[in-house]
Structure formats: structure tokens, C-alpha cells
Amino acid sequence: MALESPVVILFDSLGNAMAVQNGVVIPASTPALLASGADGGGIARYLLVDSLGRPVVVGPGTAGTPAGGVLSVQGVVGGVGIPLSDPAEGATGAAAPAQAIQVAGTDGTNIQVPHVFDGDTGVGTEWDLGMQIRLPGSGGSVVGGTAANPIRTDPTGTTTQPISAASLPLPTNAATETTLAGRLADSTFTARINTLGQKVMAASTPVVIASDQSPLPTLPNFSSTGTTSSVASAAGNVMLLAANAGRKGAAIFNDSNKFLYLKLGATASVTDFTALLRQGDYYEVPFDFQGQIDGIWSAANGFARITELT
């Protein structure tokens with residue numbers, strides 16, 4: 001085709017061909033034509049290259065200004081990341097930038113942003129990141145700090161933790177050494193607690209003994225006072241001893257040649273009695289009996305010689 005059609009080949013002043021075929025080695029000292037294009041206003045402009053011959057390409061916008069026409073740059077797969085400059089970034093130790101980058105995380109499905117709270121209860125502000133404590137759990141973590149999952153200060157959660165403090169902020173009306181001393185003297189307390197010393201049952205503080213209480217040691221019911229008396233015999237009922245809550249024991253001697261029908265209780269008779277005392281018999285009142293003791297003789301003769309222990 002080249003032999004049948006007119007062909008124009010450009011040579012420079014030294015006779016070097018200025019056209020180079022694609023895919024072949026460029027001959028040494030081959031000159032090049034300056035390439036140009038229109039600037040949109042009808043003015044021709046050379047296409048620029050740097051000192052190594054690489055084209056200089058820019059967009060029509062202004063660098064750093066988010067306007068249309070700015071040249072976008074994309075990296076290549078496996079290439080080095082392209083450094084970006086963000087006004088919200090700042091060097092370590094430098095003053096905080098005027099803008100901030102919002103950080104987000106996934107809830108497992110969607111992206112969620114964290115919350116911040118003002119930690120300054122005064123007139124200022126201190127924005128602190130809100131956090132939720134999570135504890136390890138079967139099947140995944142669980143919320144910590146709850147009644148079911150409290151925060152523990154030891155690994156097992158069973159060790160008693162010692163607390164040492166010079167003083168603690170106690171709530172109003174909390175019991176202290178000072179307040180307890182005042183309560184001990186309070187009439188509402190003293191009205192329920194007896195003074196020192198023995199009291200009758202109605203004025204005593206009740207004490208409940210445990211059902212599995214081991215045996216309690218007791219002291220013998222000692223007596224240091226014996227009061228003697230004599231009661232003349234009679235064929236009718238006579239009272240030998242009146243009831244006495246302070247009695248610890250009693251002894252009765254039948255100083256009569258007649259039978260004495262003695263009864264632990266009121267109104268003795270020859271058919272209603274506790275013990276039969278013949279002449280010279282001696283009787284000790286059993287079981288710490290403190291009630292009235294009566295007697296009757298088969299006939300009037302002699303006396304009942306009585307000793308009451310209190």
C-alpha cells in the first residue's frame with residue numbers, strides 16, 4: 001500500500017527520521033515534536049513533562065478545595081497506601097485540631113457510634129466516653145456490674161475482701177459508737193431493758209433457749225436460814241405451813257403418839273393426804289414444794305415440829 005500511495009516522511013536538519021514506528025527501539029538522537037493542545041480559550045498550550053519526561057497532569061480545580069474537576073487518584077492493588085491529610089488529625093503532643101474524627105464500631109450487624117457524657121458537674125464541660133463493662137460468659141460476654149454479674153476484686157468471687165479506712169461516709173442515722181451510746185440511754189430503749197439485778201417474771205427480759213442447746217450447769221438451791229415452828233395437834237384440819245415462794249425446803253417431825261395425816265396442799269383428811277407420820281416419824285418436803293401444807297391427827301395429842309428453809 002505504501003508503494004501505491006503517496007508517503008510523506010519528516011526528517012530533521014540532520015537527516016534523522018522524526019516518525020518512529022510503534023513497537024520498535026527508538027534510534028539514538030531521534031528528535032521529538034512538541035505536543036500541544038487548546039486551553040479551552042482558543043490558546044495553544046504545550047503539554048508539560050517533568051525532568052524525567054513524565055507527564056504533569058492536574059485537574060482544573062484548586063488543590064485542597066472540594067470543587068468539581070479536581071483530579072482523583074486511585075491506588076493499585078497491592079500498592080503502597082496513599083497518605084492523606086485530614087484537618088482532624090494532629091501530631092502526638094500537639095494541640096488538639098479544631099475538628100474531630102468520629103469513630104464507629106459494629107454491633108454485630110450494623111455500624112454504631114459511641115456516646116460521650118459530660119463528666120463535669122460544675123459550670124465547665126468534660127466529655128468522657130461512655131463505657132459498659134463486659135464480663136466473660138458462656139456463649140459470649142455479659143453485662144458486668146449487675147446483681148447477677150457483680151464486679152469482683154478476686155478471681156474466684158468467693159474470698160472475703162478486707163476493708164480498711166480511717167472513716168467511712170455513713171448514711172444519716174447510721175449506727176456509730178456515739179449514736180449507740182445515746183440510744184442506750186434513750187427512754188424507748190431503757191423501757192424495754194431491765195436494770196441490773198433479779199426481777200420477777202413479769203419484769204424480766206425473756207430468753208429463748210435453743211432446741212439443741214447443750215446442758216446448762218446449775219447451782220444447788222442452797223439455804224442458809226432455817227425457821228422453826230410448832231403446830232398443836234388437832235382432830236380437825238390445821239395448816240402446818242403457809243405457801244412461801246422463798247421456801248427451799250422443809251422438815252416436819254410428828255411429836256405426837258397419834259397418826260399425822262400430812263398433805264402437800266390445803267385441807268388434809270384421813271382419806272386425802274400425802275404422807276402418814278406415826279409417832280416420831282420425820283418427813284422432808286420434796287421437789288422444792290413452796291405451796292401450803294396442811295395436816296390432821298387421828299386425835300389431838302402433841303405437836304408438829306416444823307423447820308422451814310429459806
# chains A, B, ... in the order shown; residues from 1 in each chain; ligands from 1
>>> select_by_dssp(residues="range 63-302 of chain A", states="alpha helix (DSSP H)", output="count of residues only")
12
>>> residues_around(residues="range 125-140 of chain A", least_positions_apart="3", cutoff="10 Å", atoms="only C-alpha atoms", output="compact mmCIF listing (two decimals) with N, CA and C atoms, in the first residue's frame")
# COMPACT_ATOMS: atom_id res chain seq x y z
N PRO A 114 -20.16 5.46 69.35
CA PRO A 114 -20.17 5.53 70.81
C PRO A 114 -20.73 6.86 71.29
N HIS A 115 -21.12 6.90 72.57
CA HIS A 115 -21.66 8.12 73.16
C HIS A 115 -20.66 8.71 74.14
N VAL A 116 -20.70 10.02 74.28
CA VAL A 116 -19.88 10.72 75.27
C VAL A 116 -20.82 11.45 76.24
N PHE A 117 -20.33 11.65 77.48
CA PHE A 117 -21.14 12.29 78.52
C PHE A 117 -20.30 13.35 79.21
N ASP A 118 -20.97 14.39 79.64
CA ASP A 118 -20.30 15.49 80.33
C ASP A 118 -19.99 15.04 81.76
N GLY A 119 -18.71 14.85 82.06
CA GLY A 119 -18.32 14.40 83.39
C GLY A 119 -18.07 15.53 84.36
N ASP A 120 -18.22 16.77 83.95
CA ASP A 120 -18.02 17.92 84.83
C ASP A 120 -19.38 18.37 85.35
N THR A 121 -19.60 18.20 86.66
CA THR A 121 -20.88 18.60 87.24
C THR A 121 -20.94 20.09 87.57
N GLY A 122 -19.85 20.78 87.32
CA GLY A 122 -19.83 22.22 87.57
C GLY A 122 -20.24 22.99 86.33
N VAL A 143 -23.18 -8.34 80.59
CA VAL A 143 -23.04 -7.02 81.21
C VAL A 143 -22.56 -7.20 82.64
N GLY A 144 -21.51 -6.49 83.03
CA GLY A 144 -20.97 -6.55 84.38
C GLY A 144 -21.52 -5.45 85.25
N GLY A 145 -21.38 -5.62 86.56
CA GLY A 145 -21.85 -4.62 87.50
C GLY A 145 -23.30 -4.78 87.86
N THR A 146 -23.92 -5.92 87.52
CA THR A 146 -25.31 -6.17 87.88
C THR A 146 -25.37 -7.12 89.07
N ASN A 149 -24.22 -10.45 87.86
CA ASN A 149 -22.82 -10.49 87.47
C ASN A 149 -22.08 -9.31 88.09
N PRO A 150 -21.86 -9.34 89.42
CA PRO A 150 -21.20 -8.22 90.09
C PRO A 150 -19.72 -8.14 89.73
N ILE A 151 -19.15 -6.96 89.93
CA ILE A 151 -17.72 -6.77 89.73
C ILE A 151 -17.01 -7.29 90.98
>>> atom_distance(atom1="CA of Tyr282 in chain A", atom2="CA of Gly295 in chain A")
13.8 Å
>>> residues_around(residues="Asn194 in chain A", least_positions_apart="4", cutoff="10 Å", atoms="only C-alpha atoms", output="VMD selection string")
chain A and resid 189 to 190 198 to 199 203 to 205
>>> atom_distance(atom1="CA of Leu33 in chain A", atom2="CA of Asn16 in chain A")
12.6 Å
>>> atom_distance(atom1="CA of Asp288 in chain A", atom2="CA of Lys248 in chain A")
5.6 Å
>>> closest_residue(among="A:Asp294, A:Val113, A:Ser29, A:Asn254", to="Phe273 in chain A", atoms="only C-alpha atoms")
A:Asp294
>>> residues_around(residues="Ser36 in chain A", least_positions_apart="5", cutoff="10 Å", atoms="only C-alpha atoms", output="PyMOL selection string")
chain A and resi 43-48
>>> write_last_selection(atoms="N, CA and C atoms", output="PDB file, in the first residue's frame")
ATOM      1  N   ILE A  43      -6.305  29.175  22.947  1.00  0.00           N
ATOM      2  CA  ILE A  43      -4.865  29.386  23.014  1.00  0.00           C
ATOM      3  C   ILE A  43      -4.199  28.032  23.078  1.00  0.00           C
ATOM      4  N   ALA A  44      -3.160  27.867  22.220  1.00  0.00           N
ATOM      5  CA  ALA A  44      -2.407  26.616  22.230  1.00  0.00           C
ATOM      6  C   ALA A  44      -1.471  26.586  23.438  1.00  0.00           C
ATOM      7  N   ARG A  45      -1.383  25.410  24.088  1.00  0.00           N
ATOM      8  CA  ARG A  45      -0.515  25.224  25.259  1.00  0.00           C
ATOM      9  C   ARG A  45       0.277  23.936  25.092  1.00  0.00           C
ATOM     10  N   TYR A  46       1.600  24.003  25.416  1.00  0.00           N
ATOM     11  CA  TYR A  46       2.412  22.795  25.374  1.00  0.00           C
ATOM     12  C   TYR A  46       1.956  21.827  26.486  1.00  0.00           C
ATOM     13  N   LEU A  47       2.045  20.528  26.197  1.00  0.00           N
ATOM     14  CA  LEU A  47       1.833  19.508  27.221  1.00  0.00           C
ATOM     15  C   LEU A  47       3.114  19.380  28.020  1.00  0.00           C
ATOM     16  N   LEU A  48       3.014  19.484  29.395  1.00  0.00           N
ATOM     17  CA  LEU A  48       4.204  19.544  30.239  1.00  0.00           C
ATOM     18  C   LEU A  48       4.647  18.152  30.670  1.00  0.00           C
TER      19      LEU A  48
END
>>> closest_residue(among="A:Ala304, A:Leu184, A:Leu260, A:Leu216", to="Leu241 in chain A", atoms="only C-alpha atoms")
A:Ala304
>>> residues_around(residues="Glu308 in chain A", least_positions_apart="3", cutoff="10 Å", atoms="only C-alpha atoms", output="compact mmCIF listing (two decimals) with N, CA and C atoms, in the first residue's frame")
# COMPACT_ATOMS: atom_id res chain seq x y z
N SER A 223 -29.61 -23.20 151.07
CA SER A 223 -30.36 -22.41 152.05
C SER A 223 -29.45 -22.11 153.23
N THR A 225 -30.94 -20.23 155.92
CA THR A 225 -31.85 -19.81 157.00
C THR A 225 -32.85 -20.92 157.28
N GLY A 226 -32.97 -21.31 158.55
CA GLY A 226 -33.97 -22.28 158.97
C GLY A 226 -34.88 -21.68 160.03
N THR A 227 -36.16 -21.69 159.79
CA THR A 227 -37.12 -21.11 160.72
C THR A 227 -37.98 -22.23 161.30
N THR A 228 -37.93 -22.37 162.64
CA THR A 228 -38.68 -23.45 163.30
C THR A 228 -40.02 -22.93 163.82
N SER A 229 -40.97 -23.84 163.89
CA SER A 229 -42.30 -23.51 164.43
C SER A 229 -42.93 -24.80 164.92
N LEU A 241 -47.88 -25.22 157.30
CA LEU A 241 -47.05 -24.18 156.68
C LEU A 241 -47.87 -23.46 155.62
N ASN A 244 -45.12 -20.34 150.51
CA ASN A 244 -43.98 -19.44 150.62
C ASN A 244 -43.11 -19.59 149.37
N GLY A 246 -40.39 -18.24 148.75
CA GLY A 246 -38.98 -18.27 149.07
C GLY A 246 -38.52 -19.55 149.73
N ARG A 247 -39.44 -20.51 149.89
CA ARG A 247 -39.08 -21.76 150.56
C ARG A 247 -38.17 -22.61 149.66
N LYS A 248 -37.11 -23.14 150.26
CA LYS A 248 -36.19 -24.02 149.56
C LYS A 248 -36.30 -25.45 150.08
N GLY A 249 -36.98 -25.63 151.18
CA GLY A 249 -37.17 -26.96 151.74
C GLY A 249 -37.86 -26.87 153.09
N ALA A 250 -38.32 -28.00 153.60
CA ALA A 250 -38.98 -28.01 154.91
C ALA A 250 -38.89 -29.44 155.48
N ALA A 251 -38.86 -29.50 156.81
CA ALA A 251 -38.84 -30.79 157.52
C ALA A 251 -39.92 -30.76 158.60
N ILE A 252 -40.69 -31.86 158.73
CA ILE A 252 -41.80 -31.93 159.70
C ILE A 252 -41.62 -33.20 160.55
N GLU A 284 -39.45 -34.95 155.04
CA GLU A 284 -38.85 -33.82 154.29
C GLU A 284 -39.72 -33.51 153.09
N VAL A 285 -40.07 -32.25 152.94
CA VAL A 285 -40.90 -31.81 151.81
C VAL A 285 -40.08 -31.93 150.52
>>> residues_around(residues="Asp12 in chain A", least_positions_apart="5", cutoff="10 Å", atoms="only C-alpha atoms", output="list in words")
Ala17, Met18, Thr30, Pro31 and Ala32 of chain A
>>> select_by_dssp(residues="range 232-302 of chain A", states="strand (DSSP E)", output="PyMOL selection string")
chain A and resi 232+238-241+249-255+260-263+275-277+282-284+293-297
>>> write_last_selection(atoms="N, CA and C atoms", output="JSON list (two decimals), in the first residue's frame")
[["chain", "number", "residue", "atom", "x", "y", "z"],
["A", 232, "ALA", "N", -49.89, -27.18, 167.12],
["A", 232, "ALA", "CA", -50.56, -28.13, 168.02],
["A", 232, "ALA", "C", -51.41, -29.09, 167.22],
["A", 238, "VAL", "N", -55.58, -28.61, 160.20],
["A", 238, "VAL", "CA", -54.84, -27.41, 160.59],
["A", 238, "VAL", "C", -53.79, -27.14, 159.52],
["A", 239, "MET", "N", -53.39, -25.88, 159.39],
["A", 239, "MET", "CA", -52.35, -25.52, 158.44],
["A", 239, "MET", "C", -50.99, -25.63, 159.13],
["A", 240, "LEU", "N", -50.12, -26.43, 158.56],
["A", 240, "LEU", "CA", -48.78, -26.58, 159.14],
["A", 240, "LEU", "C", -47.84, -25.50, 158.60],
["A", 241, "LEU", "N", -47.88, -25.22, 157.30],
["A", 241, "LEU", "CA", -47.05, -24.18, 156.68],
["A", 241, "LEU", "C", -47.87, -23.46, 155.62],
["A", 249, "GLY", "N", -36.98, -25.63, 151.18],
["A", 249, "GLY", "CA", -37.17, -26.96, 151.74],
["A", 249, "GLY", "C", -37.86, -26.87, 153.09],
["A", 250, "ALA", "N", -38.32, -28.00, 153.60],
["A", 250, "ALA", "CA", -38.98, -28.01, 154.91],
["A", 250, "ALA", "C", -38.89, -29.44, 155.48],
["A", 251, "ALA", "N", -38.86, -29.50, 156.81],
["A", 251, "ALA", "CA", -38.84, -30.79, 157.52],
["A", 251, "ALA", "C", -39.92, -30.76, 158.60],
["A", 252, "ILE", "N", -40.69, -31.86, 158.73],
["A", 252, "ILE", "CA", -41.80, -31.93, 159.70],
["A", 252, "ILE", "C", -41.62, -33.20, 160.55],
["A", 253, "PHE", "N", -41.64, -33.02, 161.86],
["A", 253, "PHE", "CA", -41.49, -34.14, 162.82],
["A", 253, "PHE", "C", -42.80, -34.28, 163.62],
["A", 254, "ASN", "N", -43.33, -35.50, 163.65],
["A", 254, "ASN", "CA", -44.58, -35.75, 164.37],
["A", 254, "ASN", "C", -44.26, -36.05, 165.84],
["A", 255, "ASP", "N", -44.37, -35.00, 166.66],
["A", 255, "ASP", "CA", -44.10, -35.15, 168.10],
["A", 255, "ASP", "C", -45.42, -35.44, 168.81],
["A", 260, "LEU", "N", -50.30, -38.62, 162.15],
["A", 260, "LEU", "CA", -50.45, -37.33, 161.49],
["A", 260, "LEU", "C", -50.62, -37.58, 160.00],
["A", 261, "TYR", "N", -51.79, -37.16, 159.49],
["A", 261, "TYR", "CA", -52.04, -37.25, 158.05],
["A", 261, "TYR", "C", -51.63, -35.90, 157.42],
["A", 262, "LEU", "N", -50.49, -35.93, 156.73],
["A", 262, "LEU", "CA", -49.93, -34.68, 156.18],
["A", 262, "LEU", "C", -50.24, -34.59, 154.69],
["A", 263, "LYS", "N", -50.64, -33.40, 154.28],
["A", 263, "LYS", "CA", -50.98, -33.18, 152.86],
["A", 263, "LYS", "C", -50.21, -31.98, 152.30],
["A", 275, "ALA", "N", -48.69, -37.99, 153.10],
["A", 275, "ALA", "CA", -47.85, -38.92, 153.86],
["A", 275, "ALA", "C", -48.47, -39.15, 155.23],
["A", 276, "LEU", "N", -48.30, -40.37, 155.74],
["A", 276, "LEU", "CA", -48.78, -40.73, 157.08],
["A", 276, "LEU", "C", -47.58, -40.82, 158.01],
["A", 277, "LEU", "N", -47.58, -39.95, 159.04],
["A", 277, "LEU", "CA", -46.47, -39.90, 160.00],
["A", 277, "LEU", "C", -46.94, -40.51, 161.33],
["A", 282, "TYR", "N", -40.35, -38.59, 160.76],
["A", 282, "TYR", "CA", -39.77, -37.33, 160.25],
["A", 282, "TYR", "C", -40.01, -37.29, 158.74],
["A", 283, "TYR", "N", -40.42, -36.12, 158.23],
["A", 283, "TYR", "CA", -40.77, -36.01, 156.81],
["A", 283, "TYR", "C", -40.09, -34.77, 156.21],
["A", 284, "GLU", "N", -39.45, -34.95, 155.04],
["A", 284, "GLU", "CA", -38.85, -33.82, 154.29],
["A", 284, "GLU", "C", -39.72, -33.51, 153.09],
["A", 293, "ILE", "N", -49.12, -26.36, 153.27],
["A", 293, "ILE", "CA", -49.05, -27.73, 153.79],
["A", 293, "ILE", "C", -50.00, -27.82, 154.99],
["A", 294, "ASP", "N", -50.95, -28.75, 154.92],
["A", 294, "ASP", "CA", -51.92, -28.94, 155.99],
["A", 294, "ASP", "C", -51.73, -30.32, 156.63],
["A", 295, "GLY", "N", -52.39, -30.51, 157.81],
["A", 295, "GLY", "CA", -52.32, -31.80, 158.49],
["A", 295, "GLY", "C", -53.52, -32.02, 159.40],
["A", 296, "ILE", "N", -53.73, -33.27, 159.72],
["A", 296, "ILE", "CA", -54.79, -33.66, 160.65],
["A", 296, "ILE", "C", -54.34, -34.91, 161.40],
["A", 297, "TRP", "N", -54.64, -34.94, 162.73],
["A", 297, "TRP", "CA", -54.25, -36.10, 163.55],
["A", 297, "TRP", "C", -55.45, -37.02, 163.77]]
